[in-house]
$ cat protein_17.txt   # compact mmCIF, C-alpha atoms
# COMPACT_ATOMS: atom_id res chain seq x y z
CA MET A 24 88.31 137.53 95.38
CA ASP A 25 86.07 134.56 94.87
CA GLU A 26 87.22 131.51 96.88
CA LEU A 27 87.04 129.23 93.89
CA GLU A 28 89.11 131.62 91.80
CA LEU A 29 91.75 131.64 94.47
CA LEU A 30 91.68 127.88 94.57
CA LYS A 31 91.92 127.68 90.83
CA LYS A 32 95.01 129.80 90.74
CA ASP A 33 96.72 127.54 93.21
CA TRP A 34 95.40 124.47 91.37
CA ASP A 35 96.94 125.55 88.10
CA LYS A 36 100.15 126.54 89.78
CA SER A 37 100.59 123.22 91.57
CA SER A 38 99.67 121.04 88.63
CA THR A 39 103.34 120.30 88.07
CA ASN A 40 103.89 119.19 91.64
CA TYR A 41 102.41 115.74 91.27
CA PRO A 42 104.52 112.63 91.45
CA ASN A 43 105.30 111.13 88.12
CA LEU A 44 105.21 107.36 88.24
CA ASN A 45 107.14 105.58 85.57
CA ASN A 46 105.79 102.70 83.50
CA GLU A 47 107.31 100.05 85.71
CA GLN A 48 105.70 101.48 88.84
CA LEU A 49 102.32 101.79 87.15
CA TYR A 50 102.66 98.28 85.87
CA LYS A 51 103.24 97.01 89.36
CA LEU A 52 100.22 98.89 90.63
CA ILE A 53 97.79 97.17 88.29
CA ASN A 54 99.16 93.75 89.19
CA LYS A 55 99.30 94.17 92.93
CA LYS A 56 95.83 92.95 93.80
CA SER A 57 96.45 89.25 93.32
CA SER A 58 99.65 89.48 95.25
CA SER A 59 97.88 90.88 98.30
CA ILE A 60 95.31 88.08 98.19
CA VAL A 61 98.02 85.45 97.99
CA LYS A 62 99.78 87.14 100.86
CA TRP A 63 96.63 86.78 102.92
CA ILE A 64 96.42 83.09 102.08
CA PHE A 65 99.92 82.69 103.47
CA ILE A 66 99.19 84.70 106.61
CA ILE A 67 95.90 82.91 107.25
CA SER A 68 97.53 79.50 106.88
CA LEU A 69 100.00 80.50 109.58
CA LEU A 70 97.21 81.79 111.82
CA GLU A 71 95.22 78.63 111.26
CA PHE A 72 98.18 76.50 112.20
CA SER A 73 98.75 78.46 115.41
CA ALA A 74 95.07 78.19 116.25
CA TRP A 75 95.01 74.40 115.86
CA THR A 76 98.21 73.98 117.84
CA LEU A 77 96.91 76.21 120.59
CA ILE A 78 93.59 74.36 120.74
CA SER A 79 95.26 70.95 120.97
CA PHE A 80 97.57 72.14 123.74
CA LEU A 81 94.88 73.92 125.70
CA PHE A 82 92.34 71.15 125.68
CA ASP A 83 93.53 67.62 125.62
CA GLY A 84 97.17 67.77 124.70
CA ALA A 85 98.60 66.59 128.00
CA GLU A 86 95.77 64.21 128.76
CA SER A 87 95.86 62.36 125.47
CA LEU A 88 99.63 62.24 125.67
CA GLU A 89 99.34 60.46 129.04
CA LYS A 90 96.84 58.07 127.56
CA MET A 91 99.10 57.36 124.61
CA LYS A 92 101.94 56.64 127.01
CA SER A 93 99.84 54.21 129.02
CA TYR A 94 98.89 52.43 125.78
CA ASN A 95 102.52 52.18 124.69
CA VAL A 96 101.76 53.48 121.22
CA GLU A 97 104.24 56.33 121.14
CA HIS A 98 105.86 54.65 118.18
CA ILE A 99 102.71 55.46 116.19
CA PHE A 100 101.78 58.69 117.88
CA TYR A 101 105.05 60.60 117.67
CA PRO A 102 105.97 59.84 114.06
CA LEU A 103 102.44 60.74 113.00
CA THR A 104 102.59 64.06 114.84
CA ILE A 105 106.01 64.87 113.47
CA PHE A 106 104.94 63.87 109.98
CA GLY A 107 101.87 66.11 110.31
CA TYR A 108 103.97 69.10 111.31
CA LEU A 109 106.51 68.47 108.59
CA VAL A 110 103.85 68.43 105.88
CA LEU A 111 102.32 71.60 107.33
CA PHE A 112 105.69 73.28 107.10
CA VAL A 113 105.99 72.20 103.51
CA PHE A 114 102.65 73.87 102.85
CA PHE A 115 103.73 77.07 104.59
CA TYR A 116 106.78 77.08 102.41
CA LEU A 117 104.67 76.57 99.29
CA PHE A 118 102.26 79.35 100.28
CA TYR A 119 105.17 81.63 100.96
CA LYS A 120 106.78 80.73 97.65
CA ASN A 121 103.53 81.45 95.83
CA TYR A 122 103.33 84.81 97.49
CA LYS A 123 106.92 85.69 96.67
CA SER A 124 106.72 84.68 93.04
CA ILE A 125 103.36 86.35 92.49
CA SER A 126 104.65 89.66 93.79
CA ALA A 127 107.75 89.40 91.63
CA THR A 128 105.80 88.56 88.50
CA ASP A 129 105.48 91.31 85.98
CA ASN A 130 103.61 89.84 83.09
CA THR A 131 100.04 88.74 82.68
CA LYS A 132 100.64 85.23 81.50
CA MET A 133 102.92 84.40 84.40
CA LEU A 134 100.54 86.04 86.80
CA MET A 135 97.68 83.90 85.52
CA GLU A 136 99.78 80.77 85.91
CA GLN A 137 100.71 81.78 89.43
CA ILE A 138 97.09 82.35 90.33
CA LEU A 139 96.18 78.88 89.10
CA LYS A 140 99.11 77.42 90.99
CA THR A 141 98.06 79.12 94.22
CA ARG A 142 94.53 77.81 93.86
CA LYS A 143 95.93 74.33 93.36
CA THR A 144 98.14 74.58 96.44
CA VAL A 145 95.19 75.61 98.57
CA LYS A 146 93.13 72.70 97.23
CA HIS A 147 95.91 70.25 98.01
CA TYR A 148 96.22 71.74 101.46
CA VAL A 149 92.53 71.19 102.17
CA ILE A 150 92.60 67.64 100.79
CA TYR A 151 95.69 66.82 102.83
CA ASN A 152 94.12 68.12 106.02
CA LEU A 153 91.01 66.02 105.44
CA LEU A 154 93.05 62.88 104.76
CA PHE A 155 95.13 63.48 107.85
CA VAL A 156 92.03 63.78 110.00
CA TYR A 157 90.55 60.60 108.46
CA ILE A 158 93.69 58.64 109.18
CA SER A 159 93.80 60.03 112.72
CA ILE A 160 90.20 58.96 113.35
CA VAL A 161 90.80 55.40 112.11
CA LEU A 162 94.00 55.13 114.11
CA ALA A 163 92.42 56.53 117.25
CA VAL A 164 89.57 54.04 117.09
CA TYR A 165 91.99 51.20 116.42
CA ILE A 166 94.23 52.18 119.33
CA GLU A 167 91.29 52.51 121.69
CA LEU A 168 89.95 49.09 120.74
CA THR A 169 93.25 47.29 121.08
CA ASN A 170 94.54 49.06 124.18
CA ASN A 171 91.67 50.30 126.30
CA PRO A 172 91.05 47.59 128.98
CA GLU A 173 87.33 48.33 129.01
CA ALA A 174 87.07 47.92 125.25
CA GLN A 175 89.10 44.73 125.48
CA SER A 176 86.86 43.15 128.07
CA MET A 177 83.81 44.23 126.13
CA LEU A 178 85.20 42.66 122.97
CA THR A 179 85.93 39.34 124.64
CA SER A 180 82.54 39.19 126.31
CA ILE A 181 80.75 39.87 123.04
CA GLU A 182 82.94 37.39 121.21
CA SER A 183 82.06 34.67 123.69
CA GLU A 184 78.37 35.22 123.03
CA GLY A 185 78.59 34.30 119.38
CA ALA A 186 80.18 35.09 116.05
CA ASN A 187 77.22 37.08 114.76
CA ASN A 188 77.48 39.66 117.51
CA ILE A 189 81.05 40.46 116.69
CA TYR A 190 80.13 41.30 113.10
CA ILE A 191 77.41 43.62 114.28
CA LEU A 192 79.92 45.27 116.61
CA TYR A 193 82.43 45.80 113.82
CA LEU A 194 79.73 47.19 111.56
CA THR A 195 78.75 49.62 114.30
CA ILE A 196 82.34 50.71 114.71
CA ILE A 197 82.74 51.25 110.98
CA GLY A 198 79.48 53.18 110.95
CA PHE A 199 80.74 55.30 113.78
CA ILE A 200 83.98 56.01 111.95
CA LEU A 201 82.15 56.99 108.79
CA LEU A 202 79.84 59.24 110.73
CA ALA A 203 82.76 60.92 112.48
CA MET A 204 84.45 61.43 109.11
CA ALA A 205 81.33 62.95 107.63
CA VAL A 206 80.96 65.36 110.54
CA VAL A 207 84.61 66.37 110.37
CA THR A 208 84.39 66.80 106.60
CA VAL A 209 81.40 69.11 106.89
CA ILE A 210 82.99 71.19 109.65
CA LEU A 211 86.42 71.46 108.02
CA LEU A 212 85.09 72.19 104.56
CA GLY A 213 82.79 74.80 106.09
CA ILE A 214 85.67 76.54 107.82
CA TYR A 215 87.90 76.32 104.77
CA PHE A 216 85.18 77.59 102.53
CA LEU A 217 84.77 80.60 104.76
CA ILE A 218 88.42 81.53 105.04
CA TYR A 219 90.05 80.30 101.87
CA GLY A 220 87.04 79.97 99.59
CA LEU A 221 86.32 83.67 99.62
CA LEU A 222 89.93 84.57 98.93
CA LEU A 223 90.07 82.02 96.14
CA LYS A 224 86.91 83.49 94.66
CA ARG A 225 88.55 86.88 94.46
CA LEU A 226 91.66 85.38 92.96
CA LYS A 227 89.45 83.71 90.38
CA SER A 228 87.80 86.97 89.44
CA ASN A 229 91.22 88.56 89.05
CA TYR A 230 92.14 85.66 86.85
CA LYS A 231 89.06 86.20 84.72
CA ASP A 232 89.85 89.89 84.36
CA LEU A 233 93.34 89.08 83.20
CA LYS A 234 92.06 86.47 80.80
CA ALA A 235 89.57 88.90 79.33
CA LEU A 236 92.40 91.36 78.79
CA GLU A 237 94.50 88.73 77.06
CA LYS A 238 91.65 87.98 74.70
CA ALA A 239 91.01 91.63 74.00
CA ILE A 240 94.28 92.04 72.16
CA MET B 11 106.95 89.90 77.83
CA LYS B 12 104.10 92.29 78.34
CA SER B 13 100.98 92.30 76.23
CA VAL B 14 100.23 95.02 73.72
CA THR B 15 97.12 96.11 75.62
CA GLU B 16 99.10 96.43 78.78
CA GLN B 17 101.79 98.45 77.10
CA ASN B 18 99.27 100.77 75.49
CA PHE B 19 97.41 101.24 78.69
CA VAL B 20 100.47 101.95 80.79
CA VAL B 21 101.82 104.43 78.27
CA LEU B 22 98.52 106.32 78.16
CA LEU B 23 98.17 106.18 81.91
CA GLN B 24 101.67 107.43 82.41
CA GLU B 25 100.98 110.36 80.15
CA HIS B 26 97.74 111.34 81.89
CA GLN B 27 98.42 110.25 85.46
CA ASN B 28 98.13 113.82 86.65
CA ILE B 29 94.37 113.54 86.31
CA VAL B 30 94.30 110.67 88.78
CA HIS B 31 96.59 112.48 91.20
CA LYS B 32 94.36 115.52 91.08
CA ILE B 33 91.24 113.47 91.78
CA CYS B 34 93.04 111.94 94.75
CA ARG B 35 93.98 115.37 95.97
CA ILE B 36 90.37 116.49 96.10
CA TYR B 37 89.00 113.27 97.57
CA THR B 38 91.60 112.36 100.20
CA ASN B 39 93.02 113.96 103.29
CA ASP B 40 96.46 112.49 103.61
CA SER B 41 99.14 110.94 101.50
CA ASP B 42 98.34 107.34 102.51
CA ALA B 43 94.74 107.71 101.44
CA HIS B 44 95.99 109.40 98.30
CA LYS B 45 98.12 106.38 97.42
CA ASP B 46 95.29 103.96 98.15
CA LEU B 47 92.86 105.88 95.99
CA PHE B 48 95.47 106.28 93.26
CA GLN B 49 95.91 102.53 93.14
CA GLU B 50 92.19 101.84 93.25
CA ILE B 51 91.52 104.21 90.36
CA THR B 52 94.42 102.74 88.40
CA ILE B 53 93.00 99.25 88.84
CA GLN B 54 89.50 100.36 87.88
CA LEU B 55 90.87 102.10 84.78
CA TRP B 56 92.75 98.96 83.89
CA LYS B 57 89.64 96.83 84.35
CA ALA B 58 87.55 99.21 82.27
CA PHE B 59 90.20 99.67 79.60
CA PRO B 60 88.91 96.89 77.30
CA LYS B 61 85.63 98.79 77.09
CA PHE B 62 87.35 102.03 76.14
CA ARG B 63 86.58 102.31 72.44
CA GLY B 64 88.34 105.52 71.71
CA ASP B 65 85.23 107.45 70.71
CA SER B 66 86.11 109.93 73.42
CA LYS B 67 89.55 111.15 74.35
CA PHE B 68 91.49 108.95 76.74
CA SER B 69 91.68 111.81 79.23
CA THR B 70 87.91 112.39 79.09
CA TRP B 71 87.36 108.71 79.75
CA MET B 72 89.82 108.88 82.63
CA TYR B 73 87.93 111.74 84.23
CA ARG B 74 84.75 109.71 84.11
CA VAL B 75 86.11 106.39 85.40
CA GLY B 76 88.35 108.08 87.96
CA LEU B 77 85.62 110.24 89.42
CA ASN B 78 83.18 107.34 89.48
CA THR B 79 85.69 105.26 91.41
CA ALA B 80 86.36 108.06 93.87
CA ILE B 81 82.65 108.70 94.37
CA THR B 82 81.80 105.01 94.82
CA LEU B 83 84.59 104.51 97.33
CA TYR B 84 83.64 107.69 99.10
CA ARG B 85 80.12 106.37 99.52
CA LYS B 86 81.34 103.03 100.79
CA SER B 87 83.23 104.62 103.64
CA LEU B 88 82.25 108.14 104.44
CA ARG B 89 85.19 108.96 106.63
CA HIS B 90 88.02 108.18 104.31
CA VAL B 91 88.83 106.07 101.36
CA GLN B 92 90.11 102.80 102.61
CA SER B 93 91.26 99.92 100.50
CA GLN B 94 92.40 96.54 101.74
CA ARG B 95 95.77 98.05 102.55
CA ILE B 96 97.43 96.76 99.49
CA GLU B 97 101.11 97.32 99.72
CA SER B 98 101.63 100.16 97.32
CA VAL B 99 104.41 100.99 95.01
CA GLU B 100 106.48 103.54 96.82
CA TYR B 101 106.53 107.05 95.50
CA LYS B 102 106.93 110.41 97.04
CA LEU B 103 104.05 112.78 97.55
CA SER B 104 104.98 116.29 98.26
CA TYR B 105 101.95 118.44 98.23
CA GLU B 106 102.16 121.45 100.28
CA GLU B 107 98.68 121.11 101.60
CA TYR B 108 99.29 117.67 103.00
CA ASP B 109 101.94 119.37 105.06
CA ASP B 110 101.48 122.86 106.29
CA THR B 111 100.36 125.12 103.57
CA LYS B 112 102.10 128.41 103.56
CA ASP B 113 98.94 130.17 102.69
CA GLU B 114 96.48 129.84 105.55
CA GLN B 115 93.52 130.92 103.47
CA LEU B 116 94.16 128.33 100.76
CA LYS B 117 94.37 125.66 103.39
CA LEU B 118 90.97 126.70 104.67
CA ILE B 119 89.48 126.61 101.20
CA TYR B 120 90.85 123.13 100.54
CA GLY B 121 89.45 122.05 103.88
CA ALA B 122 86.05 123.45 103.01
CA VAL B 123 86.05 121.69 99.64
CA ARG B 124 86.83 118.38 101.31
CA LYS B 125 83.77 118.83 103.47
CA LEU B 126 81.50 118.94 100.42
CA ASN B 127 79.62 115.82 99.41
CA ASP B 128 81.00 113.39 96.83
CA ILE B 129 79.25 114.82 93.76
CA ASP B 130 79.97 118.43 94.72
CA LYS B 131 83.64 117.61 95.11
CA GLY B 132 83.56 116.24 91.60
CA ILE B 133 81.96 119.44 90.32
CA VAL B 134 84.59 121.60 91.99
CA PHE B 135 87.32 119.35 90.64
CA LEU B 136 86.05 119.55 87.07
CA TYR B 137 85.59 123.29 87.41
CA LEU B 138 89.21 123.58 88.52
CA GLU B 139 90.12 121.53 85.49
CA ASN B 140 88.53 124.16 83.24
CA LYS B 141 85.57 122.02 82.23
CA ASN B 142 82.39 123.75 81.15
CA TYR B 143 78.97 122.81 82.47
CA LYS B 144 78.25 120.56 79.54
CA GLU B 145 81.39 118.55 80.15
CA ILE B 146 80.79 118.51 83.90
CA SER B 147 77.28 117.19 83.47
CA GLU B 148 78.38 114.52 81.02
CA THR B 149 81.26 113.33 83.14
CA LEU B 150 79.21 113.09 86.32
CA GLY B 151 76.02 111.88 84.67
CA ILE B 152 73.84 114.72 85.93
CA SER B 153 71.88 117.29 83.96
CA GLU B 154 73.44 120.58 82.97
CA VAL B 155 70.85 122.51 84.97
CA ASN B 156 71.57 120.42 88.00
CA ALA B 157 75.29 121.09 87.61
CA ARG B 158 74.67 124.85 87.51
CA VAL B 159 72.36 124.79 90.51
CA ARG B 160 74.81 122.71 92.47
CA MET B 161 77.67 125.01 91.56
CA ASN B 162 75.79 128.02 92.91
CA ARG B 163 75.05 126.19 96.12
CA ILE B 164 78.69 125.18 96.43
CA LYS B 165 79.80 128.79 96.10
CA THR B 166 77.39 129.87 98.84
CA LYS B 167 78.40 126.96 101.04
CA LEU B 168 82.07 127.77 100.70
CA LYS B 169 81.45 131.45 101.43
CA THR B 170 79.45 130.80 104.58
CA GLN B 171 81.89 128.18 105.80
CA LEU B 172 84.91 130.38 105.28
CA ASN B 173 83.39 133.51 106.71
CA SER B 174 82.00 131.93 109.84

$ encode --input "protein_17.txt" --output "structure tokens"
Amino acid sequence: MDELELLKKDWDKSSTNYPNLNNEQLYKLINKKSSSIVKWIFIISLLEFSAWTLISFLFDGAESLEKMKSYNVEHIFYPLTIFGYLVLFVFFYLFYKNYKSISATDNTKMLMEQILKTRKTVKHYVIYNLLFVYISIVLAVYIELTNNPEAQSMLTSIESEGANNIYILYLTIIGFILLAMAVVTVILLGIYFLIYGLLLKRLKSNYKDLKALEKAI
Amino acid sequence: MKSVTEQNFVVLLQEHQNIVHKICRIYTNDSDAHKDLFQEITIQLWKAFPKFRGDSKFSTWMYRVGLNTAITLYRKSLRHVQSQRIESVEYKLSYEEYDDTKDEQLKLIYGAVRKLNDIDKGIVFLYLENKNYKEISETLGISEVNARVRMNRIKTKLKTQLNS
């Protein structure tokens, strides 16, 4: 017998063997995509956090801690660090919550709202990280200037030379701070664009699809 | 509250989901890949649904969109269909041929069909679904002559593969 005929016989015979998904299961299937993207946002935020922590410990964690101790500024350093971690945990929680509620959602309107909410959370997260880095830069420069003996002696020697010089020095410092901020902004935004931007883009296209469907009714 | 479109779509899909399962059966090798492809086709159908005007039967439209999805994915990754490992809705697959088929010869034939290229698989699938050459050519977007020629080649290919 012809191979295809044999196959056909079996094909017809087994056509009742397929799983039969009910409406609820099918419904979940068509809404799953956004949920997996949001899950990735959550996972990546955790990975990112571990990466930063690891980097700070590996490189200058101990050294800068020693320095901070010698400057007697633990009262600034520790609260700031703890505050930073606390806010990060709040963001993890929010990302996790977004993921949970998006996977539990079973109607389009809610799903669209959740997608918008997730995008907002990510934006806030990026803005917060930038602000935190800015504040850290300003604080670091301030602490160095007021505590580093070399900086102190330099300041006094310049001050003794005339009032004009001190203005120039402060302008230079401010310029330096601004430059550092600009560099950090470019680097951070670049990284965030790469990891979160692409995910957000896909979320956005899902959102558009859903919106188009809403309109089509 | 679910939208009317969604309800319509899910009801129609539920009714005709066998078509999608059958496409998955031809294009995938194991039950995980089957589930991934099933979901991918479902999502593509859902995306394309607003453009479905009803001038053809829903099932006919499903054949076309489903096969196109399978073929596109097949081209993207030649080894197996792989999606971004979306967590799927759990359901049981119990095809005999994903386990050990009782009939050794049938198993060989299925194996040989899976070795065909993406378009040829589609032709075999539509043939198994009792489609004539006109319908096959329309669904796959090839000419009727081409469909016939390909079918003859497929038959020869299967024969030589199975007899070697």

$ atom_distance --input "protein_17.txt" --atom1 "CA of Asn46 (chain A)" --atom2 "CA of Leu150 (chain B)"
28.7 Å

$ closest_residue --input "protein_17.txt" --among "B:Glu50, B:Asp128, B:Glu145, B:Asp65" --to "chain A" --atoms "all atoms listed in the file"
B:Glu50

$ atom_distance --input "protein_17.txt" --atom1 "CA of Leu172 (chain B)" --atom2 "CA of Asp35 (chain A)"
21.5 Å

$ residues_around --input "protein_17.txt" --residues "Met72 (chain B)" --least-positions-apart "2" --cutoff "8 Å" --atoms "all atoms listed in the file" --output "list in words"
Ile29, Val30, Leu55, Phe68, Ser69, Thr70, Arg74, Val75 and Gly76 of chain B

$ closest_residue --input "protein_17.txt" --among "B:Phe19, B:Phe48, B:Tyr73, B:Tyr120" --to "Glu26 (chain A)" --atoms "all atoms listed in the file"
B:Tyr120

$ atom_distance --input "protein_17.txt" --atom1 "CA of Val206 (chain A)" --atom2 "CA of Tyr101 (chain A)"
25.6 Å

$ closest_residue --input "protein_17.txt" --among "A:Lys92, A:His147, A:Lys234, A:Lys224" --to "chain B" --atoms "all atoms listed in the file"
A:Lys234

$ residues_around --input "protein_17.txt" --residues "Leu136 (chain B)" --least-positions-apart "5" --cutoff "10 Å" --atoms "all atoms listed in the file" --output "list in words"
Ile33, Tyr73, Leu77, Asp130, Lys131, Lys141, Asn142, Tyr143, Glu145, Ile146, Ser147, Thr149 and Leu150 of chain B

$ residues_around --input "protein_17.txt" --residues "Val134 (chain B)" --least-positions-apart "3" --cutoff "12 Å" --atoms "all atoms listed in the file" --output "tab-separated table (two decimals) with C-alpha atoms, in the frame of the given file"
chain	number	residue	atom	x	y	z
A	26	GLU	CA	87.22	131.51	96.88
A	27	LEU	CA	87.04	129.23	93.89
A	28	GLU	CA	89.11	131.62	91.80
A	30	LEU	CA	91.68	127.88	94.57
A	31	LYS	CA	91.92	127.68	90.83
A	34	TRP	CA	95.40	124.47	91.37
B	32	LYS	CA	94.36	115.52	91.08
B	33	ILE	CA	91.24	113.47	91.78
B	35	ARG	CA	93.98	115.37	95.97
B	36	ILE	CA	90.37	116.49	96.10
B	37	TYR	CA	89.00	113.27	97.57
B	77	LEU	CA	85.62	110.24	89.42
B	119	ILE	CA	89.48	126.61	101.20
B	120	TYR	CA	90.85	123.13	100.54
B	122	ALA	CA	86.05	123.45	103.01
B	123	VAL	CA	86.05	121.69	99.64
B	124	ARG	CA	86.83	118.38	101.31
B	125	LYS	CA	83.77	118.83	103.47
B	126	LEU	CA	81.50	118.94	100.42
B	127	ASN	CA	79.62	115.82	99.41
B	128	ASP	CA	81.00	113.39	96.83
B	129	ILE	CA	79.25	114.82	93.76
B	130	ASP	CA	79.97	118.43	94.72
B	131	LYS	CA	83.64	117.61	95.11
B	137	TYR	CA	85.59	123.29	87.41
B	138	LEU	CA	89.21	123.58	88.52
B	139	GLU	CA	90.12	121.53	85.49
B	140	ASN	CA	88.53	124.16	83.24
B	141	LYS	CA	85.57	122.02	82.23
B	142	ASN	CA	82.39	123.75	81.15
B	143	TYR	CA	78.97	122.81	82.47
B	146	ILE	CA	80.79	118.51	83.90
B	150	LEU	CA	79.21	113.09	86.32
B	157	ALA	CA	75.29	121.09	87.61
B	158	ARG	CA	74.67	124.85	87.51
B	160	ARG	CA	74.81	122.71	92.47
B	161	MET	CA	77.67	125.01	91.56
B	162	ASN	CA	75.79	128.02	92.91
B	163	ARG	CA	75.05	126.19	96.12
B	164	ILE	CA	78.69	125.18	96.43
B	165	LYS	CA	79.80	128.79	96.10
B	168	LEU	CA	82.07	127.77	100.70

$ axis_aligned_box --input "protein_17.txt" --around "region 15-32 of chain B" --padding-each-side "5 Å" --output "lines of an AutoDock Vina configuration file"
center_x = 98.1
center_y = 105.8
center_z = 83.3
size_x = 17.5
size_y = 29.4
size_z = 25.7

$ closest_residue --input "protein_17.txt" --among "B:Arg63, B:His26, B:His31, B:Lys45" --to "chain A" --atoms "all atoms listed in the file"
B:His31

$ residues_around --input "protein_17.txt" --residues "region 194-202 of chain A" --least-positions-apart "2" --cutoff "8 Å" --atoms "all atoms listed in the file" --output "ChimeraX atom specification"
/A:160-161,164,190-192,204-206

$ closest_residue --input "protein_17.txt" --among "B:Asn39, B:Gln54, B:Lys117, B:Lys144" --to "Trp71 (chain B)" --atoms "all atoms listed in the file"
B:Gln54

$ residues_around --input "protein_17.txt" --residues "Phe114 (chain A)" --least-positions-apart "2" --cutoff "10 Å" --atoms "all atoms listed in the file" --output "list in words"
Phe65, Ser68, Leu69, Tyr108, Leu109, Val110, Leu111, Phe112, Tyr116, Leu117, Phe118, Tyr119, Lys120, Thr144, Val145, His147, Tyr148 and Tyr151 of chain A

$ residues_near_point --input "protein_17.txt" --point "(100.1, 102.2, 86.3)" --cutoff "7 Å" --atoms "only C-alpha atoms" --output "ChimeraX atom specification"
/A:46,48-53 /B:20,23-24,52

$ closest_residue --input "protein_17.txt" --among "A:Tyr41, A:Val113, A:Asp25, A:Ile125" --to "Leu226 (chain A)" --atoms "all atoms listed in the file"
A:Ile125
